[in-house]
Amino acid sequence: MVEMELESGDVFIIEGLLNLKVKKGEVLVSGGLHKKGKEITVPPARVVLLESSKNATIEYEKKEGGKIKKLPERTIPSDWDSVIDEIIEAKPERVIILGETDTGKTFFSAYMANRLLNNGISSAIVDTDIGQSDVGPPGSIGLGVVDSYIGMFSEVQTRNAYFVGSMSPSGHMLEYLVGMKRMAELGQKEADLTMVDTPGWVTGGAGRALQHFGAELLNPDFVIGLQRENELEHLLKSVPGKARRLQVSDKIRERSREERSALRKRTLSKYFEGSEEIVLNIKKVKFGRTYLGTGKEIETESLDIEGIVYAEKIPEGIIVVSEKGLEESEKQKLQQEFGKVNALKIGDEKYVFVSLVDKDGNLIGVGSINKIDYSDGKISIATPRVESEKVDKIQFGSMKIKPSGEEVGTIRPGTF
Amino acid sequence: MTLEHSAFQGLFEKLVEIIEKHKDNPQAIKVILKELDKEYKKIPVYPRIIGETLPEVVNQVEAEDLENGAKVIISLKDGSKVTGEIEKINSDELVLSDCKKIGPAEDLEKSSVSKEKISKISELKSDLIAENWPSLDFEVEE
């Protein structure tokens, strides 16, 4: 650990991975007051701002990629504080934070949450960054409540989460919108103000649709756009809520595609640390977001095709699981009798990214399917910290993820 | 999400299926793509209907079932193909107008092409996901 004395007015930018402890006095981290004894871990590729209003002493330890750099002056743009002052005055219920990728939306949200707390206002944060979630499991929209000062959102305890099932909202608009709305509604019950930190997808038809309908669904009081130039004007002009435009801090660094991918992997592998296999009865547990388990089981012998281990009649046709896959002629035979054929092979389910939901519909964890044993009627899933008896439903995602955190494939919608 | 949220997926899969079925018949693919373009301009919001109608564009028929005015692609035994409109149907022949004939494709082990004869060269690439999005270059069953 390196010890460092800070003078009043000193400003540092810190990039993770770095461990920090306030040894004497008090400091502001992302605008939140941290007193003697407080320990903070800045995760990899995350950035926080450390400020001292009085003399203080900190000690820190840099780990992989960790950096600490003194800045000549405060770098938070002055318009940030003006808008936050307006929000403190107006006491809105719902605020949306808009911005392209790497514009500091998450940092701004944490800074605003701390500033609100200075004024006795608690805030709920809806973290929609499903690929690199700070709040909630990866692949989900998380809800956290900031009721004590934070350095960054990864310190906030997850109150609830909604599974999207992918690392991007692309192709998952419905899950995204439902999840965002549900988490915001819960947030409003638990805090004075709810802020939604939105994805960086702001242009193109789908990006506009995502942001536009998200805003219409939420009906925010304020929409805060963090922009470098005018890249959000098309949205700020049309979405509901009072639009406020903020500059992006010049200290915000754009991440490369490789950095983003590495960060996603780290988020996943960290989540899956200490995973254990849970085994559930497929006749008792419910299946969601899939055709599988939603129909009526058929005796496999009645199909008169060798190697079929499970079959299920659904309104669209039939789901058939076989040992080695179906021959074209076998598929045609089933098509003639049942209509659409969902032909699966034993093992196709390996590494499917799923969520585990309790009987009240709350997400209790995410996992990676190891195996479905149709003869025993069992499904085994690798997941950390989930008690099997609490699982009421398994929701299928769109990716294949190893418990090591490695993404190994995507799933064609309609496969399962 | 393993439920299909959009019928565009079905249309795309139908197109892959149609192209595979007619891969040795470029004229058929050209006609199908033209029809796709026409239908898409009319009903861009109903991809499911487009996907249902496209497989009907090219249908195998018997000579006896044809009528004057029908547009056809005729595959000959030597591997060549003739496209056109039926003008007359005789007992032993079909008379076409507005025709185009394309010779049979040949497999060659080697070929040398004089640069003087070349009007355009297109380089073919694959594995673009690996090149552009390496983190999404997943292994898949062919």
# chains A, B, ... in the order shown; residues from 1 in each chain; ligands from 1

call {"tool": "closest_atom_pairs", "arguments": {"of": "chain B", "to": "chain A", "cutoff": "9 Å", "atoms": "only C-alpha atoms", "output": "tab-separated table"}}
result
residue	atom	partner	partner_atom	distance
B:Met1	CA	A:Gly397	CA	4.6
B:Thr2	CA	A:Pro413	CA	4.2
B:Leu3	CA	A:Gly414	CA	4.7
B:Glu4	CA	A:Pro413	CA	4.9
B:His5	CA	A:Gly171	CA	7.7
B:Ser6	CA	A:Gly171	CA	8.8
B:Gln9	CA	A:Pro413	CA	8.2
B:Trp133	CA	A:Arg257	CA	8.3
B:Pro134	CA	A:Glu258	CA	8.7
B:Ser135	CA	A:Ser261	CA	6.6
B:Leu136	CA	A:Gly409	CA	7.5
B:Asp137	CA	A:Gly409	CA	8.2
B:Phe138	CA	A:Gly409	CA	5.2
B:Glu139	CA	A:Gly409	CA	7.1
B:Val140	CA	A:Gly409	CA	7.8

call {"tool": "write_last_selection", "arguments": {"atoms": "all heavy atoms", "output": "short mmCIF file (atom, residue, chain, number, x, y, z; two decimals), in the first residue's frame"}}
result
data_model
loop_
_atom_site.label_atom_id
_atom_site.label_comp_id
_atom_site.auth_asym_id
_atom_site.auth_seq_id
_atom_site.Cartn_x
_atom_site.Cartn_y
_atom_site.Cartn_z
N MET B 1 -34.24 -15.32 -24.44
CA MET B 1 -35.21 -15.22 -25.52
C MET B 1 -34.87 -16.25 -26.58
O MET B 1 -33.88 -16.11 -27.26
CB MET B 1 -35.11 -13.80 -26.11
CG MET B 1 -36.09 -13.48 -27.18
SD MET B 1 -35.54 -13.82 -28.85
CE MET B 1 -34.46 -12.45 -29.18
N THR B 2 -35.67 -17.29 -26.64
CA THR B 2 -35.49 -18.12 -27.83
C THR B 2 -36.75 -18.06 -28.69
O THR B 2 -36.87 -18.79 -29.64
CB THR B 2 -35.09 -19.58 -27.52
OG1 THR B 2 -36.24 -20.30 -27.20
CG2 THR B 2 -34.03 -19.68 -26.46
N LEU B 3 -37.68 -17.18 -28.32
CA LEU B 3 -38.85 -16.98 -29.17
C LEU B 3 -38.48 -15.94 -30.24
O LEU B 3 -37.76 -14.99 -29.95
CB LEU B 3 -40.03 -16.47 -28.35
CG LEU B 3 -40.44 -17.37 -27.17
CD1 LEU B 3 -41.53 -16.69 -26.37
CD2 LEU B 3 -40.91 -18.72 -27.66
N GLU B 4 -38.98 -16.14 -31.43
CA GLU B 4 -38.68 -15.18 -32.50
C GLU B 4 -39.53 -13.93 -32.31
O GLU B 4 -40.74 -14.03 -32.30
CB GLU B 4 -38.99 -15.79 -33.88
CG GLU B 4 -38.36 -17.15 -34.15
CD GLU B 4 -39.24 -18.32 -33.72
OE1 GLU B 4 -39.99 -18.16 -32.73
OE2 GLU B 4 -39.17 -19.37 -34.35
N HIS B 5 -38.87 -12.79 -32.17
CA HIS B 5 -39.62 -11.54 -31.97
C HIS B 5 -40.06 -10.94 -33.30
O HIS B 5 -40.89 -10.05 -33.32
CB HIS B 5 -38.76 -10.50 -31.26
CG HIS B 5 -38.61 -10.76 -29.79
ND1 HIS B 5 -38.13 -9.83 -28.93
CD2 HIS B 5 -38.86 -11.84 -29.06
CE1 HIS B 5 -38.09 -10.32 -27.71
NE2 HIS B 5 -38.53 -11.56 -27.78
N SER B 6 -39.41 -11.35 -34.37
CA SER B 6 -39.69 -10.69 -35.65
C SER B 6 -39.80 -11.73 -36.76
O SER B 6 -39.07 -12.72 -36.77
CB SER B 6 -38.56 -9.72 -35.96
OG SER B 6 -38.52 -9.44 -37.33
N GLN B 9 -36.72 -12.81 -39.32
CA GLN B 9 -35.86 -14.00 -39.19
C GLN B 9 -36.35 -15.12 -40.11
O GLN B 9 -35.58 -15.76 -40.81
CB GLN B 9 -35.87 -14.49 -37.73
CG GLN B 9 -34.97 -15.69 -37.53
CD GLN B 9 -35.10 -16.26 -36.13
OE1 GLN B 9 -35.34 -15.55 -35.18
NE2 GLN B 9 -34.92 -17.56 -36.01
N TRP B 133 -15.29 -8.70 -35.94
CA TRP B 133 -15.85 -8.86 -34.59
C TRP B 133 -15.29 -10.15 -33.99
O TRP B 133 -16.06 -11.11 -33.78
CB TRP B 133 -17.38 -8.94 -34.63
CG TRP B 133 -18.04 -7.66 -35.00
CD1 TRP B 133 -18.33 -7.21 -36.25
CD2 TRP B 133 -18.49 -6.64 -34.11
NE1 TRP B 133 -18.93 -5.98 -36.19
CE2 TRP B 133 -19.05 -5.60 -34.89
CE3 TRP B 133 -18.48 -6.51 -32.72
CZ2 TRP B 133 -19.58 -4.46 -34.33
CZ3 TRP B 133 -19.03 -5.36 -32.17
CH2 TRP B 133 -19.56 -4.34 -32.97
N PRO B 134 -13.99 -10.21 -33.72
CA PRO B 134 -13.40 -11.48 -33.25
C PRO B 134 -14.07 -12.05 -32.01
O PRO B 134 -14.14 -13.27 -31.86
CB PRO B 134 -11.93 -11.13 -33.00
CG PRO B 134 -11.84 -9.65 -33.06
CD PRO B 134 -12.99 -9.14 -33.85
N SER B 135 -14.62 -11.17 -31.15
CA SER B 135 -15.24 -11.70 -29.93
C SER B 135 -16.55 -12.42 -30.24
O SER B 135 -17.08 -13.14 -29.40
CB SER B 135 -15.48 -10.57 -28.92
OG SER B 135 -16.42 -9.66 -29.43
N LEU B 136 -17.09 -12.24 -31.44
CA LEU B 136 -18.34 -12.92 -31.80
C LEU B 136 -18.11 -14.05 -32.80
O LEU B 136 -19.05 -14.59 -33.38
CB LEU B 136 -19.34 -11.92 -32.39
CG LEU B 136 -19.78 -10.78 -31.47
CD1 LEU B 136 -20.75 -9.86 -32.20
CD2 LEU B 136 -20.43 -11.31 -30.20
N ASP B 137 -16.86 -14.41 -32.99
CA ASP B 137 -16.55 -15.46 -33.97
C ASP B 137 -16.71 -16.83 -33.31
O ASP B 137 -15.74 -17.54 -33.05
CB ASP B 137 -15.12 -15.26 -34.51
CG ASP B 137 -14.80 -16.23 -35.62
OD1 ASP B 137 -15.73 -16.61 -36.35
OD2 ASP B 137 -13.62 -16.63 -35.74
N PHE B 138 -17.95 -17.20 -33.07
CA PHE B 138 -18.24 -18.46 -32.38
C PHE B 138 -18.16 -19.64 -33.34
O PHE B 138 -18.43 -19.51 -34.53
CB PHE B 138 -19.64 -18.41 -31.76
CG PHE B 138 -19.83 -17.26 -30.82
CD1 PHE B 138 -20.83 -16.32 -31.03
CD2 PHE B 138 -19.01 -17.10 -29.72
CE1 PHE B 138 -21.01 -15.25 -30.17
CE2 PHE B 138 -19.18 -16.03 -28.84
CZ PHE B 138 -20.19 -15.11 -29.08
N GLU B 139 -17.83 -20.79 -32.76
CA GLU B 139 -17.83 -22.02 -33.57
C GLU B 139 -19.26 -22.47 -33.76
O GLU B 139 -20.05 -22.49 -32.82
CB GLU B 139 -17.06 -23.12 -32.85
CG GLU B 139 -15.57 -23.01 -33.06
CD GLU B 139 -14.80 -24.08 -32.33
OE1 GLU B 139 -15.35 -25.19 -32.19
OE2 GLU B 139 -13.69 -23.79 -31.89
N VAL B 140 -19.62 -22.81 -35.00
CA VAL B 140 -20.98 -23.30 -35.25
C VAL B 140 -20.92 -24.57 -36.10
O VAL B 140 -19.96 -24.78 -36.84
CB VAL B 140 -21.86 -22.26 -35.99
CG1 VAL B 140 -22.23 -21.11 -35.10
CG2 VAL B 140 -21.18 -21.74 -37.24
#

call {"tool": "select_by_dssp", "arguments": {"residues": "stretch 6-137 of chain B", "states": "strand (DSSP E)", "output": "PyMOL selection string"}}
result
chain B and resi 71-75+81-89+94-102

call {"tool": "write_last_selection", "arguments": {"atoms": "C-alpha atoms", "output": "PDB file, in the first residue's frame"}}
result
ATOM      1  CA  LYS B  71     -42.577 -16.920 -68.304  1.00  0.00           C
ATOM      2  CA  VAL B  72     -40.236 -19.884 -67.946  1.00  0.00           C
ATOM      3  CA  ILE B  73     -36.694 -21.039 -67.281  1.00  0.00           C
ATOM      4  CA  ILE B  74     -35.977 -24.247 -69.178  1.00  0.00           C
ATOM      5  CA  SER B  75     -33.047 -26.425 -68.141  1.00  0.00           C
ATOM      6  CA  LYS B  81     -30.654 -22.854 -69.538  1.00  0.00           C
ATOM      7  CA  VAL B  82     -33.049 -20.829 -71.658  1.00  0.00           C
ATOM      8  CA  THR B  83     -35.336 -18.155 -70.236  1.00  0.00           C
ATOM      9  CA  GLY B  84     -38.188 -16.472 -72.059  1.00  0.00           C
ATOM     10  CA  GLU B  85     -41.918 -16.204 -72.627  1.00  0.00           C
ATOM     11  CA  ILE B  86     -43.940 -19.017 -74.215  1.00  0.00           C
ATOM     12  CA  GLU B  87     -45.149 -17.861 -77.588  1.00  0.00           C
ATOM     13  CA  LYS B  88     -46.388 -21.148 -78.981  1.00  0.00           C
ATOM     14  CA  ILE B  89     -46.706 -24.727 -77.808  1.00  0.00           C
ATOM     15  CA  LEU B  94     -41.904 -24.928 -77.175  1.00  0.00           C
ATOM     16  CA  VAL B  95     -41.419 -21.653 -79.029  1.00  0.00           C
ATOM     17  CA  LEU B  96     -40.098 -18.843 -76.815  1.00  0.00           C
ATOM     18  CA  SER B  97     -39.756 -15.135 -77.354  1.00  0.00           C
ATOM     19  CA  ASP B  98     -37.676 -12.554 -75.505  1.00  0.00           C
ATOM     20  CA  CYS B  99     -35.140 -15.298 -74.747  1.00  0.00           C
ATOM     21  CA  LYS B 100     -31.760 -15.538 -73.146  1.00  0.00           C
ATOM     22  CA  LYS B 101     -29.568 -18.642 -73.151  1.00  0.00           C
ATOM     23  CA  ILE B 102     -26.851 -19.303 -70.600  1.00  0.00           C
TER      24      ILE B 102
END

call {"tool": "closest_residue", "arguments": {"among": "A:Leu218, A:Glu7, A:Glu185, A:Ile305", "to": "A:Ser329", "atoms": "only C-alpha atoms"}}
result
A:Ile305

call {"tool": "select_by_dssp", "arguments": {"residues": "stretch 292-335 of chain A", "states": "helix (DSSP H, G or I)", "output": "VMD selection string"}}
result
chain A and resid 300 to 303 328 to 335

call {"tool": "residues_around", "arguments": {"residues": "stretch 83-95 of chain A", "least_positions_apart": "3", "cutoff": "9 Å", "atoms": "only C-alpha atoms", "output": "number ranges by chain"}}
result
A: 79-80, 112, 115-116, 119, 121, 184, 188, 191-197, 218-224, 241, 244-246

call {"tool": "write_last_selection", "arguments": {"atoms": "C-alpha atoms", "output": "PDB file, in the first residue's frame"}}
result
ATOM      1  CA  ASP A  79     -23.082  22.574 -15.991  1.00  0.00           C
ATOM      2  CA  TRP A  80     -23.322  19.158 -14.288  1.00  0.00           C
ATOM      3  CA  MET A 112     -25.722  12.768  -9.097  1.00  0.00           C
ATOM      4  CA  ARG A 115     -25.058  14.891  -4.619  1.00  0.00           C
ATOM      5  CA  LEU A 116     -28.730  14.054  -4.103  1.00  0.00           C
ATOM      6  CA  ASN A 119     -29.427  16.902   0.168  1.00  0.00           C
ATOM      7  CA  ILE A 121     -32.679  12.587  -1.398  1.00  0.00           C
ATOM      8  CA  ALA A 184     -38.158   1.726 -12.537  1.00  0.00           C
ATOM      9  CA  GLN A 188     -40.036   4.434  -7.319  1.00  0.00           C
ATOM     10  CA  ALA A 191     -36.423   5.751  -3.279  1.00  0.00           C
ATOM     11  CA  ASP A 192     -37.282   9.420  -3.701  1.00  0.00           C
ATOM     12  CA  LEU A 193     -35.975   9.595  -7.250  1.00  0.00           C
ATOM     13  CA  THR A 194     -35.419   6.900  -9.887  1.00  0.00           C
ATOM     14  CA  MET A 195     -32.800   7.361 -12.563  1.00  0.00           C
ATOM     15  CA  VAL A 196     -32.429   5.166 -15.612  1.00  0.00           C
ATOM     16  CA  ASP A 197     -28.924   4.880 -17.015  1.00  0.00           C
ATOM     17  CA  LEU A 218     -41.177   5.720 -18.344  1.00  0.00           C
ATOM     18  CA  ASN A 219     -42.580   9.230 -18.873  1.00  0.00           C
ATOM     19  CA  PRO A 220     -39.624  10.927 -17.167  1.00  0.00           C
ATOM     20  CA  ASP A 221     -39.690  14.354 -15.546  1.00  0.00           C
ATOM     21  CA  PHE A 222     -36.161  15.077 -16.818  1.00  0.00           C
ATOM     22  CA  VAL A 223     -34.044  13.692 -19.639  1.00  0.00           C
ATOM     23  CA  ILE A 224     -30.366  14.453 -19.213  1.00  0.00           C
ATOM     24  CA  GLY A 241     -39.561  15.118 -20.200  1.00  0.00           C
ATOM     25  CA  ARG A 244     -31.160  19.079 -20.218  1.00  0.00           C
ATOM     26  CA  ARG A 245     -27.956  19.015 -22.228  1.00  0.00           C
ATOM     27  CA  LEU A 246     -24.606  18.354 -20.554  1.00  0.00           C
TER      28      LEU A 246
END

call {"tool": "atom_distance", "arguments": {"atom1": "atom CA of A:Ile97", "atom2": "atom CA of A:Arg159"}}
result
20.1 Å

call {"tool": "atom_distance", "arguments": {"atom1": "atom CA of A:Lys296", "atom2": "atom CA of A:Val352"}}
result
22.8 Å

call {"tool": "residues_around", "arguments": {"residues": "A:Glu259", "least_positions_apart": "4", "cutoff": "12 Å", "atoms": "only C-alpha atoms", "output": "number ranges by chain"}}
result
A: 44-46, 65, 102, 132, 253-255, 263-266; B: 135

call {"tool": "residues_around", "arguments": {"residues": "B:Leu33", "least_positions_apart": "2", "cutoff": "12 Å", "atoms": "only C-alpha atoms", "output": "CSV table (one decimal) with N, CA, C and O atoms, in the first residue's frame"}}
result
chain,number,residue,atom,x,y,z
B,15,LEU,N,-35.1,-17.3,-47.4
B,15,LEU,CA,-34.3,-16.9,-48.5
B,15,LEU,C,-33.1,-17.8,-48.7
B,15,LEU,O,-32.7,-18.2,-49.8
B,16,VAL,N,-32.5,-18.1,-47.5
B,16,VAL,CA,-31.3,-19.0,-47.5
B,16,VAL,C,-31.7,-20.4,-48.1
B,16,VAL,O,-31.0,-21.0,-48.9
B,18,ILE,N,-34.2,-21.0,-50.2
B,18,ILE,CA,-34.6,-20.8,-51.6
B,18,ILE,C,-33.3,-20.7,-52.4
B,18,ILE,O,-33.1,-21.4,-53.5
B,19,ILE,N,-32.3,-20.0,-51.9
B,19,ILE,CA,-31.0,-19.8,-52.7
B,19,ILE,C,-30.3,-21.2,-52.7
B,19,ILE,O,-29.8,-21.6,-53.8
B,22,HIS,N,-32.0,-23.3,-55.4
B,22,HIS,CA,-31.8,-22.9,-56.8
B,22,HIS,C,-30.4,-22.5,-57.1
B,22,HIS,O,-30.1,-21.7,-58.0
B,26,PRO,N,-28.9,-19.5,-61.6
B,26,PRO,CA,-28.8,-18.1,-61.3
B,26,PRO,C,-30.0,-17.3,-61.8
B,26,PRO,O,-30.4,-16.3,-61.2
B,27,GLN,N,-30.6,-17.7,-63.0
B,27,GLN,CA,-31.7,-16.9,-63.5
B,27,GLN,C,-32.9,-17.0,-62.5
B,27,GLN,O,-33.6,-16.0,-62.3
B,28,ALA,N,-33.1,-18.2,-61.9
B,28,ALA,CA,-34.2,-18.3,-60.9
B,28,ALA,C,-34.0,-17.4,-59.7
B,28,ALA,O,-34.9,-16.8,-59.3
B,29,ILE,N,-32.7,-17.4,-59.3
B,29,ILE,CA,-32.4,-16.6,-58.1
B,29,ILE,C,-32.6,-15.1,-58.4
B,29,ILE,O,-33.2,-14.3,-57.6
B,30,LYS,N,-32.3,-14.7,-59.7
B,30,LYS,CA,-32.5,-13.3,-60.1
B,30,LYS,C,-34.0,-13.0,-60.1
B,30,LYS,O,-34.4,-11.9,-59.6
B,31,VAL,N,-34.8,-13.9,-60.6
B,31,VAL,CA,-36.3,-13.6,-60.6
B,31,VAL,C,-36.8,-13.5,-59.2
B,31,VAL,O,-37.6,-12.7,-58.9
B,35,GLU,N,-38.6,-10.4,-57.4
B,35,GLU,CA,-40.0,-10.5,-56.7
B,35,GLU,C,-39.9,-10.0,-55.3
B,35,GLU,O,-40.8,-9.4,-54.8
B,36,LEU,N,-38.8,-10.4,-54.6
B,36,LEU,CA,-38.6,-10.0,-53.2
B,36,LEU,C,-38.6,-8.5,-53.1
B,36,LEU,O,-39.3,-7.9,-52.2
B,37,ASP,N,-37.9,-7.9,-54.0
B,37,ASP,CA,-37.8,-6.4,-54.0
B,37,ASP,C,-39.1,-5.8,-54.2
B,37,ASP,O,-39.5,-4.9,-53.5
B,38,LYS,N,-39.9,-6.4,-55.2
B,38,LYS,CA,-41.2,-5.8,-55.5
B,38,LYS,C,-42.2,-6.0,-54.3
B,38,LYS,O,-42.8,-5.0,-53.9
B,39,GLU,N,-42.2,-7.2,-53.7
B,39,GLU,CA,-43.1,-7.4,-52.6
B,39,GLU,C,-42.7,-6.5,-51.4
B,39,GLU,O,-43.5,-6.0,-50.7
B,40,TYR,N,-41.4,-6.4,-51.1
B,40,TYR,CA,-40.9,-5.7,-50.0
B,40,TYR,C,-41.3,-4.2,-50.1
B,40,TYR,O,-41.6,-3.5,-49.1
B,50,ILE,N,-44.3,-12.1,-47.2
B,50,ILE,CA,-43.3,-12.2,-48.3
B,50,ILE,C,-42.6,-13.6,-48.2
B,50,ILE,O,-42.4,-14.2,-49.2
B,51,GLY,N,-42.2,-14.0,-47.0
B,51,GLY,CA,-41.6,-15.3,-46.8
B,51,GLY,C,-42.5,-16.4,-47.3
B,51,GLY,O,-42.0,-17.5,-47.8
B,54,LEU,N,-42.6,-16.2,-51.5
B,54,LEU,CA,-41.4,-16.3,-52.3
B,54,LEU,C,-41.2,-17.7,-52.8
B,54,LEU,O,-40.8,-17.9,-54.0
B,55,PRO,N,-41.4,-18.8,-52.0
B,55,PRO,CA,-41.1,-20.1,-52.6
B,55,PRO,C,-42.0,-20.5,-53.8
B,55,PRO,O,-41.7,-21.4,-54.5
B,57,VAL,N,-42.5,-18.5,-56.3
B,57,VAL,CA,-42.1,-17.8,-57.5
B,57,VAL,C,-41.5,-18.7,-58.6
B,57,VAL,O,-41.8,-18.5,-59.8
B,58,VAL,N,-40.7,-19.7,-58.2
B,58,VAL,CA,-40.1,-20.6,-59.2
B,58,VAL,C,-40.7,-22.0,-58.9
B,58,VAL,O,-40.4,-22.6,-57.8

call {"tool": "atom_distance", "arguments": {"atom1": "atom CA of A:Gln157", "atom2": "atom CA of A:Val145"}}
result
7.3 Å

call {"tool": "closest_residue", "arguments": {"among": "A:Gly136, A:Pro403, A:Gly104, A:Gly325", "to": "A:Gly225", "atoms": "only C-alpha atoms"}}
result
A:Gly104
